[in-house]
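Asks: Take a look at the following structure, please.
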Amino acid sequence: MAFPLPQPMRIALDAARDAAIGGEVPVGAVVMLGDRVVATSRNAMRGHTDPTAHAEMVAIRAAAAALGTSRLDDCDLWVTLEPCAMCAGAIALARIGRLYFAAADPKGGAVLHGPRLFAQPTCHHAPEVYPGIGEVEAAEQLRDFFRERR
């Protein structure tokens, strides 16, 4: 029996779908403070001509602005793809409490793959990490997106 996805991941997957419709790689992110959605975003690198406009970065910036602080200690980040090194670094610097992500990224991920940033002794803050939530749907979105472009 399949379990329903937690609402924050459903929102992130919907944002990823919107990214794909807009021609961006389908990645979505949501910052939560308890049960409250603080920020929702999607990849926007092409639309903003900004290589740092990954879904996680946009969501962290929006959450920090909404809460009036750069420290998001009590916040959770839900994202549809394992964060890259840049995003993992921002998650650590923002002091995000928990990271939930859907699909692993063996090529570009930096949490369970590559540099495994949170396991490095120079990483001053590591969130709790919960991978694989919504993995099937997120991976399907990514496969479909890249299949259409080949």
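In the structure tokens, chains take the letters A, B, ... in the order shown, each chain's residues start at 1, and ligands count up from 1 in the order shown.
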Which residues in chain A does DSSP call strand (DSSP E)? List them as a count of residues only.
Replies: 30
Asks: Excluding Glu56 of chain A and its own-chain neighbours fewer than 4 positions away, which residues fall within 9 Å of it when counting only C-alpha atoms? Please give them as a ChimeraX atom specification.
Replies: /A:27-31,41-43,60-61,77-79,83,87-88,90-91
Asks: Just the residues within 7 Å of Leu99 of chain A, please, counting only C-alpha atoms, with nothing from its chain fewer than 2 positions along; format it as a list in words.
Replies: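 Near neighbours after the sequence-gap exclusion: Asp76, Leu77, Trp78, Gly97, Phe101, Pro127, Glu128, Val129 and Tyr130 of chain A.
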Asks: Write the selection just made, keeping all heavy atoms, as a PDB file, in the first residue's frame?
Replies:
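What landed in selection38.pdb:
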```pdb
ATOM      1  N   ASP A  76      12.317  23.661   8.203  1.00  0.00           N
ATOM      2  CA  ASP A  76      12.601  22.445   7.450  1.00  0.00           C
ATOM      3  C   ASP A  76      12.601  22.807   5.970  1.00  0.00           C
ATOM      4  O   ASP A  76      11.816  23.655   5.533  1.00  0.00           O
ATOM      5  CB  ASP A  76      11.515  21.389   7.671  1.00  0.00           C
ATOM      6  CG  ASP A  76      11.368  20.982   9.123  1.00  0.00           C
ATOM      7  OD1 ASP A  76      12.357  21.093   9.876  1.00  0.00           O
ATOM      8  OD2 ASP A  76      10.262  20.550   9.500  1.00  0.00           O
ATOM      9  N   LEU A  77      13.459  22.160   5.199  1.00  0.00           N
ATOM     10  CA  LEU A  77      13.494  22.351   3.759  1.00  0.00           C
ATOM     11  C   LEU A  77      13.098  21.043   3.090  1.00  0.00           C
ATOM     12  O   LEU A  77      13.664  19.996   3.392  1.00  0.00           O
ATOM     13  CB  LEU A  77      14.892  22.763   3.298  1.00  0.00           C
ATOM     14  CG  LEU A  77      15.084  22.911   1.788  1.00  0.00           C
ATOM     15  CD1 LEU A  77      14.221  24.032   1.223  1.00  0.00           C
ATOM     16  CD2 LEU A  77      16.551  23.144   1.457  1.00  0.00           C
ATOM     17  N   TRP A  78      12.121  21.126   2.216  1.00  0.00           N
ATOM     18  CA  TRP A  78      11.652  19.997   1.426  1.00  0.00           C
ATOM     19  C   TRP A  78      12.031  20.288  -0.015  1.00  0.00           C
ATOM     20  O   TRP A  78      11.675  21.354  -0.548  1.00  0.00           O
ATOM     21  CB  TRP A  78      10.137  19.861   1.540  1.00  0.00           C
ATOM     22  CG  TRP A  78       9.659  19.508   2.920  1.00  0.00           C
ATOM     23  CD1 TRP A  78       9.584  20.340   4.001  1.00  0.00           C
ATOM     24  CD2 TRP A  78       9.191  18.243   3.347  1.00  0.00           C
ATOM     25  NE1 TRP A  78       9.093  19.648   5.089  1.00  0.00           N
ATOM     26  CE2 TRP A  78       8.834  18.358   4.700  1.00  0.00           C
ATOM     27  CE3 TRP A  78       9.015  17.014   2.711  1.00  0.00           C
ATOM     28  CZ2 TRP A  78       8.326  17.300   5.440  1.00  0.00           C
ATOM     29  CZ3 TRP A  78       8.499  15.953   3.442  1.00  0.00           C
ATOM     30  CH2 TRP A  78       8.163  16.105   4.803  1.00  0.00           C
ATOM     31  N   GLY A  97      17.025  23.164  10.028  1.00  0.00           N
ATOM     32  CA  GLY A  97      16.977  22.071  11.001  1.00  0.00           C
ATOM     33  C   GLY A  97      16.882  20.691  10.391  1.00  0.00           C
ATOM     34  O   GLY A  97      17.565  19.762  10.812  1.00  0.00           O
ATOM     35  N   PHE A 101      14.464  15.276   1.126  1.00  0.00           N
ATOM     36  CA  PHE A 101      14.534  15.354  -0.328  1.00  0.00           C
ATOM     37  C   PHE A 101      14.035  14.068  -0.962  1.00  0.00           C
ATOM     38  O   PHE A 101      14.045  13.006  -0.351  1.00  0.00           O
ATOM     39  CB  PHE A 101      15.925  15.756  -0.823  1.00  0.00           C
ATOM     40  CG  PHE A 101      17.020  14.756  -0.637  1.00  0.00           C
ATOM     41  CD1 PHE A 101      17.242  13.757  -1.576  1.00  0.00           C
ATOM     42  CD2 PHE A 101      17.869  14.844   0.453  1.00  0.00           C
ATOM     43  CE1 PHE A 101      18.281  12.848  -1.419  1.00  0.00           C
ATOM     44  CE2 PHE A 101      18.915  13.942   0.616  1.00  0.00           C
ATOM     45  CZ  PHE A 101      19.115  12.945  -0.323  1.00  0.00           C
ATOM     46  N   PRO A 127      22.039  19.586   8.991  1.00  0.00           N
ATOM     47  CA  PRO A 127      20.643  19.305   9.328  1.00  0.00           C
ATOM     48  C   PRO A 127      20.419  17.807   9.468  1.00  0.00           C
ATOM     49  O   PRO A 127      21.243  16.999   9.015  1.00  0.00           O
ATOM     50  CB  PRO A 127      19.895  19.839   8.100  1.00  0.00           C
ATOM     51  CG  PRO A 127      20.846  19.624   6.979  1.00  0.00           C
ATOM     52  CD  PRO A 127      22.210  19.898   7.576  1.00  0.00           C
ATOM     53  N   GLU A 128      19.310  17.434  10.057  1.00  0.00           N
ATOM     54  CA  GLU A 128      18.870  16.049   9.980  1.00  0.00           C
ATOM     55  C   GLU A 128      18.472  15.841   8.522  1.00  0.00           C
ATOM     56  O   GLU A 128      17.881  16.732   7.916  1.00  0.00           O
ATOM     57  CB  GLU A 128      17.661  15.807  10.888  1.00  0.00           C
ATOM     58  CG  GLU A 128      17.935  15.975  12.362  1.00  0.00           C
ATOM     59  CD  GLU A 128      16.656  15.874  13.189  1.00  0.00           C
ATOM     60  OE1 GLU A 128      15.692  15.197  12.755  1.00  0.00           O
ATOM     61  OE2 GLU A 128      16.618  16.501  14.255  1.00  0.00           O
ATOM     62  N   VAL A 129      18.801  14.686   7.956  1.00  0.00           N
ATOM     63  CA  VAL A 129      18.533  14.438   6.533  1.00  0.00           C
ATOM     64  C   VAL A 129      17.607  13.236   6.385  1.00  0.00           C
ATOM     65  O   VAL A 129      17.861  12.177   6.964  1.00  0.00           O
ATOM     66  CB  VAL A 129      19.845  14.194   5.762  1.00  0.00           C
ATOM     67  CG1 VAL A 129      19.565  13.851   4.305  1.00  0.00           C
ATOM     68  CG2 VAL A 129      20.759  15.415   5.864  1.00  0.00           C
ATOM     69  N   TYR A 130      16.537  13.431   5.577  1.00  0.00           N
ATOM     70  CA  TYR A 130      15.555  12.389   5.311  1.00  0.00           C
ATOM     71  C   TYR A 130      15.381  12.258   3.796  1.00  0.00           C
ATOM     72  O   TYR A 130      14.614  12.997   3.187  1.00  0.00           O
ATOM     73  CB  TYR A 130      14.218  12.731   5.979  1.00  0.00           C
ATOM     74  CG  TYR A 130      14.348  12.892   7.469  1.00  0.00           C
ATOM     75  CD1 TYR A 130      14.569  14.145   8.036  1.00  0.00           C
ATOM     76  CD2 TYR A 130      14.279  11.789   8.311  1.00  0.00           C
ATOM     77  CE1 TYR A 130      14.707  14.297   9.408  1.00  0.00           C
ATOM     78  CE2 TYR A 130      14.426  11.932   9.682  1.00  0.00           C
ATOM     79  CZ  TYR A 130      14.627  13.184  10.226  1.00  0.00           C
ATOM     80  OH  TYR A 130      14.776  13.334  11.585  1.00  0.00           O
TER      81      TYR A 130
END
```
Asks: May I have the residues within 12 Å of Ala119 of chain A as a list in words, using only C-alpha atoms and disregarding those fewer than 3 positions away in the same chain?
Replies: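 So the residues in contact are Ala88, Gly89, Ala92, Ala110, Val111, Leu112, His113, Gly114, Pro115, Arg116, Thr122, Cys123, His124, His125, Ala126, Pro127, Glu128 and Val129 of chain A.
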Asks: Please produce a file of those selected residues containing N, CA, C and O atoms, as an mmCIF file, in the first residue's frame.
Replies:
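Just written: result-v8.cif:
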```cif
data_model
loop_
_atom_site.group_PDB
_atom_site.id
_atom_site.type_symbol
_atom_site.label_atom_id
_atom_site.label_comp_id
_atom_site.auth_asym_id
_atom_site.auth_seq_id
_atom_site.Cartn_x
_atom_site.Cartn_y
_atom_site.Cartn_z
ATOM 1 N N ALA A 88 23.743 22.760 -0.602
ATOM 2 C CA ALA A 88 24.047 22.147 0.699
ATOM 3 C C ALA A 88 24.794 23.142 1.577
ATOM 4 O O ALA A 88 24.528 23.247 2.785
ATOM 5 N N GLY A 89 25.710 23.901 0.981
ATOM 6 C CA GLY A 89 26.422 24.925 1.743
ATOM 7 C C GLY A 89 25.469 25.986 2.269
ATOM 8 O O GLY A 89 25.574 26.408 3.433
ATOM 9 N N ALA A 92 23.488 24.624 5.208
ATOM 10 C CA ALA A 92 24.291 24.635 6.432
ATOM 11 C C ALA A 92 24.413 26.047 6.992
ATOM 12 O O ALA A 92 24.249 26.258 8.196
ATOM 13 N N ALA A 110 25.329 16.516 -3.236
ATOM 14 C CA ALA A 110 26.438 16.743 -2.308
ATOM 15 C C ALA A 110 26.075 16.385 -0.873
ATOM 16 O O ALA A 110 26.767 16.758 0.058
ATOM 17 N N VAL A 111 24.958 15.666 -0.705
ATOM 18 C CA VAL A 111 24.532 15.265 0.631
ATOM 19 C C VAL A 111 24.879 13.795 0.854
ATOM 20 O O VAL A 111 25.652 13.468 1.751
ATOM 21 N N LEU A 112 24.337 12.920 0.020
ATOM 22 C CA LEU A 112 24.651 11.489 0.095
ATOM 23 C C LEU A 112 25.714 11.096 -0.923
ATOM 24 O O LEU A 112 26.257 10.003 -0.858
ATOM 25 N N HIS A 113 25.985 11.968 -1.878
ATOM 26 C CA HIS A 113 26.932 11.691 -2.955
ATOM 27 C C HIS A 113 27.994 12.780 -3.002
ATOM 28 O O HIS A 113 27.925 13.761 -2.275
ATOM 29 N N GLY A 114 28.974 12.583 -3.892
ATOM 30 C CA GLY A 114 30.000 13.601 -4.101
ATOM 31 C C GLY A 114 30.694 13.975 -2.804
ATOM 32 O O GLY A 114 31.139 13.102 -2.058
ATOM 33 N N PRO A 115 30.751 15.272 -2.503
ATOM 34 C CA PRO A 115 31.512 15.715 -1.327
ATOM 35 C C PRO A 115 30.871 15.396 0.017
ATOM 36 O O PRO A 115 31.517 15.542 1.042
ATOM 37 N N ARG A 116 29.609 14.971 0.027
ATOM 38 C CA ARG A 116 28.916 14.677 1.296
ATOM 39 C C ARG A 116 29.188 15.798 2.306
ATOM 40 O O ARG A 116 29.724 15.579 3.388
ATOM 41 N N THR A 122 34.650 20.480 8.382
ATOM 42 C CA THR A 122 34.568 21.943 8.256
ATOM 43 C C THR A 122 33.137 22.449 8.180
ATOM 44 O O THR A 122 32.912 23.658 8.184
ATOM 45 N N CYS A 123 32.174 21.542 8.140
ATOM 46 C CA CYS A 123 30.763 21.936 8.106
ATOM 47 C C CYS A 123 30.308 22.202 9.541
ATOM 48 O O CYS A 123 30.282 21.297 10.373
ATOM 49 N N HIS A 124 29.966 23.450 9.821
ATOM 50 C CA HIS A 124 29.620 23.842 11.191
ATOM 51 C C HIS A 124 28.201 23.479 11.609
ATOM 52 O O HIS A 124 27.882 23.472 12.792
ATOM 53 N N HIS A 125 27.340 23.234 10.641
ATOM 54 C CA HIS A 125 25.968 22.836 10.959
ATOM 55 C C HIS A 125 25.504 21.819 9.932
ATOM 56 O O HIS A 125 25.613 22.052 8.730
ATOM 57 N N ALA A 126 24.982 20.729 10.401
ATOM 58 C CA ALA A 126 24.410 19.705 9.521
ATOM 59 C C ALA A 126 22.965 19.470 9.935
ATOM 60 O O ALA A 126 22.694 19.193 11.110
ATOM 61 N N PRO A 127 22.039 19.586 8.991
ATOM 62 C CA PRO A 127 20.643 19.305 9.328
ATOM 63 C C PRO A 127 20.419 17.807 9.468
ATOM 64 O O PRO A 127 21.243 16.999 9.015
ATOM 65 N N GLU A 128 19.310 17.434 10.057
ATOM 66 C CA GLU A 128 18.870 16.049 9.980
ATOM 67 C C GLU A 128 18.472 15.841 8.522
ATOM 68 O O GLU A 128 17.881 16.732 7.916
ATOM 69 N N VAL A 129 18.801 14.686 7.956
ATOM 70 C CA VAL A 129 18.533 14.438 6.533
ATOM 71 C C VAL A 129 17.607 13.236 6.385
ATOM 72 O O VAL A 129 17.861 12.177 6.964
#
```
Asks: Write out as a list in words which residues come within 12 Å of Phe146 of chain A when counting only C-alpha atoms, dropping same-chain ones fewer than 6 positions away.
Replies: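 The contact residues come out as Ala20, Gly23, Glu24, Val25, Pro26, Ala139 and Glu140 of chain A.
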Asks: Residues as selected, all heavy atoms, written as an mmCIF file, in the first residue's frame, can you do that?
Replies:
```cif
data_model
loop_
_atom_site.group_PDB
_atom_site.id
_atom_site.type_symbol
_atom_site.label_atom_id
_atom_site.label_comp_id
_atom_site.auth_asym_id
_atom_site.auth_seq_id
_atom_site.Cartn_x
_atom_site.Cartn_y
_atom_site.Cartn_z
ATOM 1 N N ALA A 20 9.323 22.704 -14.961
ATOM 2 C CA ALA A 20 9.441 22.009 -16.244
ATOM 3 C C ALA A 20 8.591 22.686 -17.314
ATOM 4 O O ALA A 20 9.048 22.875 -18.446
ATOM 5 C CB ALA A 20 9.040 20.546 -16.089
ATOM 6 N N GLY A 23 10.344 25.455 -18.772
ATOM 7 C CA GLY A 23 11.605 25.160 -19.430
ATOM 8 C C GLY A 23 12.794 25.015 -18.503
ATOM 9 O O GLY A 23 13.931 24.902 -18.951
ATOM 10 N N GLU A 24 12.536 24.997 -17.210
ATOM 11 C CA GLU A 24 13.606 24.827 -16.215
ATOM 12 C C GLU A 24 13.670 23.363 -15.801
ATOM 13 O O GLU A 24 12.674 22.642 -15.860
ATOM 14 C CB GLU A 24 13.317 25.671 -14.967
ATOM 15 C CG GLU A 24 13.156 27.156 -15.203
ATOM 16 C CD GLU A 24 14.480 27.914 -15.249
ATOM 17 O OE1 GLU A 24 15.546 27.281 -15.100
ATOM 18 O OE2 GLU A 24 14.428 29.136 -15.438
ATOM 19 N N VAL A 25 14.837 22.928 -15.334
ATOM 20 C CA VAL A 25 14.965 21.579 -14.785
ATOM 21 C C VAL A 25 13.963 21.462 -13.634
ATOM 22 O O VAL A 25 13.889 22.356 -12.775
ATOM 23 C CB VAL A 25 16.410 21.314 -14.300
ATOM 24 C CG1 VAL A 25 16.506 19.971 -13.591
ATOM 25 C CG2 VAL A 25 17.379 21.378 -15.475
ATOM 26 N N PRO A 26 13.154 20.400 -13.614
ATOM 27 C CA PRO A 26 12.078 20.293 -12.625
ATOM 28 C C PRO A 26 12.551 19.983 -11.202
ATOM 29 O O PRO A 26 12.648 18.828 -10.793
ATOM 30 C CB PRO A 26 11.198 19.174 -13.166
ATOM 31 C CG PRO A 26 12.124 18.332 -13.963
ATOM 32 C CD PRO A 26 13.136 19.282 -14.550
ATOM 33 N N ALA A 139 11.865 11.511 -9.608
ATOM 34 C CA ALA A 139 12.742 10.922 -10.615
ATOM 35 C C ALA A 139 12.032 10.843 -11.964
ATOM 36 O O ALA A 139 12.638 11.091 -13.012
ATOM 37 C CB ALA A 139 13.203 9.535 -10.159
ATOM 38 N N GLU A 140 10.753 10.530 -11.944
ATOM 39 C CA GLU A 140 9.971 10.466 -13.181
ATOM 40 C C GLU A 140 9.886 11.844 -13.846
ATOM 41 O O GLU A 140 10.034 11.966 -15.064
ATOM 42 C CB GLU A 140 8.574 9.935 -12.868
ATOM 43 C CG GLU A 140 7.702 9.729 -14.078
ATOM 44 C CD GLU A 140 6.367 9.115 -13.687
ATOM 45 O OE1 GLU A 140 6.357 7.937 -13.288
ATOM 46 O OE2 GLU A 140 5.349 9.829 -13.776
#
```
Asks: Please give the complete set of residues from segment 35-145 of chain A that DSSP, run on the backbone, assigns to alpha helix (DSSP H), formatted as a PyMOL selection string.
Replies: chain A and resi 45-48+55-67+85-94+135-145
Asks: With N, CA and C atoms retained, export the selected residues as a compact mmCIF listing (two decimals), in the first residue's frame.
Replies:
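Output saved as result.txt:
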```txt
# COMPACT_ATOMS: atom_id res chain seq x y z
N MET A 45 16.90 29.33 -12.96
CA MET A 45 18.19 29.76 -13.50
C MET A 45 18.07 30.38 -14.88
N ARG A 46 17.33 29.76 -15.76
CA ARG A 46 17.18 30.29 -17.12
C ARG A 46 16.33 31.56 -17.10
N GLY A 47 15.23 31.52 -16.39
CA GLY A 47 14.32 32.67 -16.34
C GLY A 47 14.93 33.90 -15.70
N HIS A 48 15.79 33.70 -14.73
CA HIS A 48 16.43 34.83 -14.05
C HIS A 48 17.84 35.10 -14.54
N ALA A 55 16.25 25.95 -6.91
CA ALA A 55 15.03 26.01 -6.10
C ALA A 55 15.34 26.23 -4.62
N GLU A 56 16.36 25.52 -4.12
CA GLU A 56 16.71 25.64 -2.70
C GLU A 56 17.18 27.04 -2.35
N MET A 57 18.03 27.60 -3.21
CA MET A 57 18.58 28.94 -2.95
C MET A 57 17.48 29.98 -2.95
N VAL A 58 16.58 29.89 -3.93
CA VAL A 58 15.48 30.85 -4.02
C VAL A 58 14.58 30.72 -2.79
N ALA A 59 14.30 29.50 -2.37
CA ALA A 59 13.45 29.27 -1.20
C ALA A 59 14.10 29.78 0.08
N ILE A 60 15.39 29.52 0.25
CA ILE A 60 16.10 29.98 1.45
C ILE A 60 16.11 31.50 1.50
N ARG A 61 16.39 32.15 0.37
CA ARG A 61 16.38 33.62 0.34
C ARG A 61 15.01 34.17 0.70
N ALA A 62 13.97 33.58 0.12
CA ALA A 62 12.60 34.05 0.38
C ALA A 62 12.22 33.83 1.84
N ALA A 63 12.59 32.69 2.40
CA ALA A 63 12.26 32.39 3.80
C ALA A 63 12.98 33.35 4.73
N ALA A 64 14.26 33.60 4.47
CA ALA A 64 15.03 34.53 5.30
C ALA A 64 14.40 35.92 5.25
N ALA A 65 13.99 36.36 4.08
CA ALA A 65 13.35 37.67 3.94
C ALA A 65 12.01 37.69 4.67
N ALA A 66 11.21 36.63 4.51
CA ALA A 66 9.89 36.58 5.15
C ALA A 66 9.99 36.57 6.67
N LEU A 67 11.01 35.89 7.19
CA LEU A 67 11.16 35.78 8.64
C LEU A 67 12.06 36.87 9.23
N ALA A 85 26.37 20.97 -4.13
CA ALA A 85 27.30 21.52 -3.14
C ALA A 85 26.93 22.96 -2.76
N MET A 86 26.56 23.78 -3.75
CA MET A 86 26.19 25.16 -3.46
C MET A 86 24.99 25.21 -2.52
N CYS A 87 23.97 24.43 -2.84
CA CYS A 87 22.75 24.45 -2.04
C CYS A 87 22.96 23.83 -0.66
N ALA A 88 23.74 22.76 -0.60
CA ALA A 88 24.05 22.15 0.70
C ALA A 88 24.79 23.14 1.58
N GLY A 89 25.71 23.90 0.98
CA GLY A 89 26.42 24.93 1.74
C GLY A 89 25.47 25.99 2.27
N ALA A 90 24.53 26.42 1.45
CA ALA A 90 23.55 27.42 1.89
C ALA A 90 22.65 26.86 2.99
N ILE A 91 22.29 25.59 2.88
CA ILE A 91 21.46 24.94 3.91
C ILE A 91 22.20 24.95 5.25
N ALA A 92 23.49 24.62 5.21
CA ALA A 92 24.29 24.63 6.43
C ALA A 92 24.41 26.05 6.99
N LEU A 93 24.69 27.02 6.13
CA LEU A 93 24.86 28.40 6.59
C LEU A 93 23.56 28.98 7.15
N ALA A 94 22.43 28.56 6.58
CA ALA A 94 21.13 29.04 7.06
C ALA A 94 20.69 28.32 8.33
N GLU A 135 10.44 10.03 -4.01
CA GLU A 135 11.52 9.75 -4.95
C GLU A 135 11.02 9.30 -6.32
N VAL A 136 10.04 8.43 -6.36
CA VAL A 136 9.56 7.88 -7.64
C VAL A 136 9.01 9.00 -8.52
N GLU A 137 8.16 9.83 -7.98
CA GLU A 137 7.56 10.91 -8.78
C GLU A 137 8.60 11.94 -9.20
N ALA A 138 9.50 12.31 -8.30
CA ALA A 138 10.52 13.30 -8.64
C ALA A 138 11.45 12.77 -9.73
N ALA A 139 11.87 11.51 -9.61
CA ALA A 139 12.74 10.92 -10.62
C ALA A 139 12.03 10.84 -11.96
N GLU A 140 10.75 10.53 -11.94
CA GLU A 140 9.97 10.47 -13.18
C GLU A 140 9.89 11.84 -13.85
N GLN A 141 9.67 12.89 -13.05
CA GLN A 141 9.63 14.25 -13.59
C GLN A 141 10.95 14.59 -14.29
N LEU A 142 12.05 14.26 -13.64
CA LEU A 142 13.37 14.55 -14.20
C LEU A 142 13.62 13.74 -15.47
N ARG A 143 13.31 12.45 -15.45
CA ARG A 143 13.50 11.61 -16.64
C ARG A 143 12.68 12.12 -17.82
N ASP A 144 11.42 12.45 -17.56
CA ASP A 144 10.54 12.96 -18.62
C ASP A 144 11.08 14.26 -19.20
N PHE A 145 11.53 15.15 -18.34
CA PHE A 145 12.05 16.45 -18.77
C PHE A 145 13.24 16.26 -19.70
```
Asks: Would you pick out the contacts of Phe3 of chain A at 12 Å or less, using only C-alpha atoms, so that residues sharing its chain but fewer than 3 positions from it are not included, and give the list as a list in words?
Replies: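 Using only C-alpha atoms, the neighbours found are Pro6, Gln7, Ile133 and Gly134 of chain A.
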Asks: Generate a file of the selected residues that holds N, CA and C atoms, formatted as a short mmCIF file (atom, residue, chain, number, x, y, z; two decimals), in the first residue's frame.
Replies:
```
data_model
loop_
_atom_site.label_atom_id
_atom_site.label_comp_id
_atom_site.auth_asym_id
_atom_site.auth_seq_id
_atom_site.Cartn_x
_atom_site.Cartn_y
_atom_site.Cartn_z
N PRO A 6 3.72 13.59 2.22
CA PRO A 6 3.50 14.74 3.11
C PRO A 6 3.21 15.98 2.26
N GLN A 7 2.34 16.84 2.74
CA GLN A 7 1.92 18.03 2.00
C GLN A 7 3.10 18.89 1.52
N ILE A 133 11.77 10.68 0.04
CA ILE A 133 10.35 10.97 0.19
C ILE A 133 9.83 11.55 -1.13
N GLY A 134 9.00 10.77 -1.84
CA GLY A 134 8.51 11.20 -3.15
C GLY A 134 9.50 10.92 -4.26
#
```
Asks: Rounded to one decimal in Å, what is the spacing between atom CA of Ile11 of chain A and atom CA of Arg150 of chain A?
Replies: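 Distance between the two atoms: 27.7 Å.
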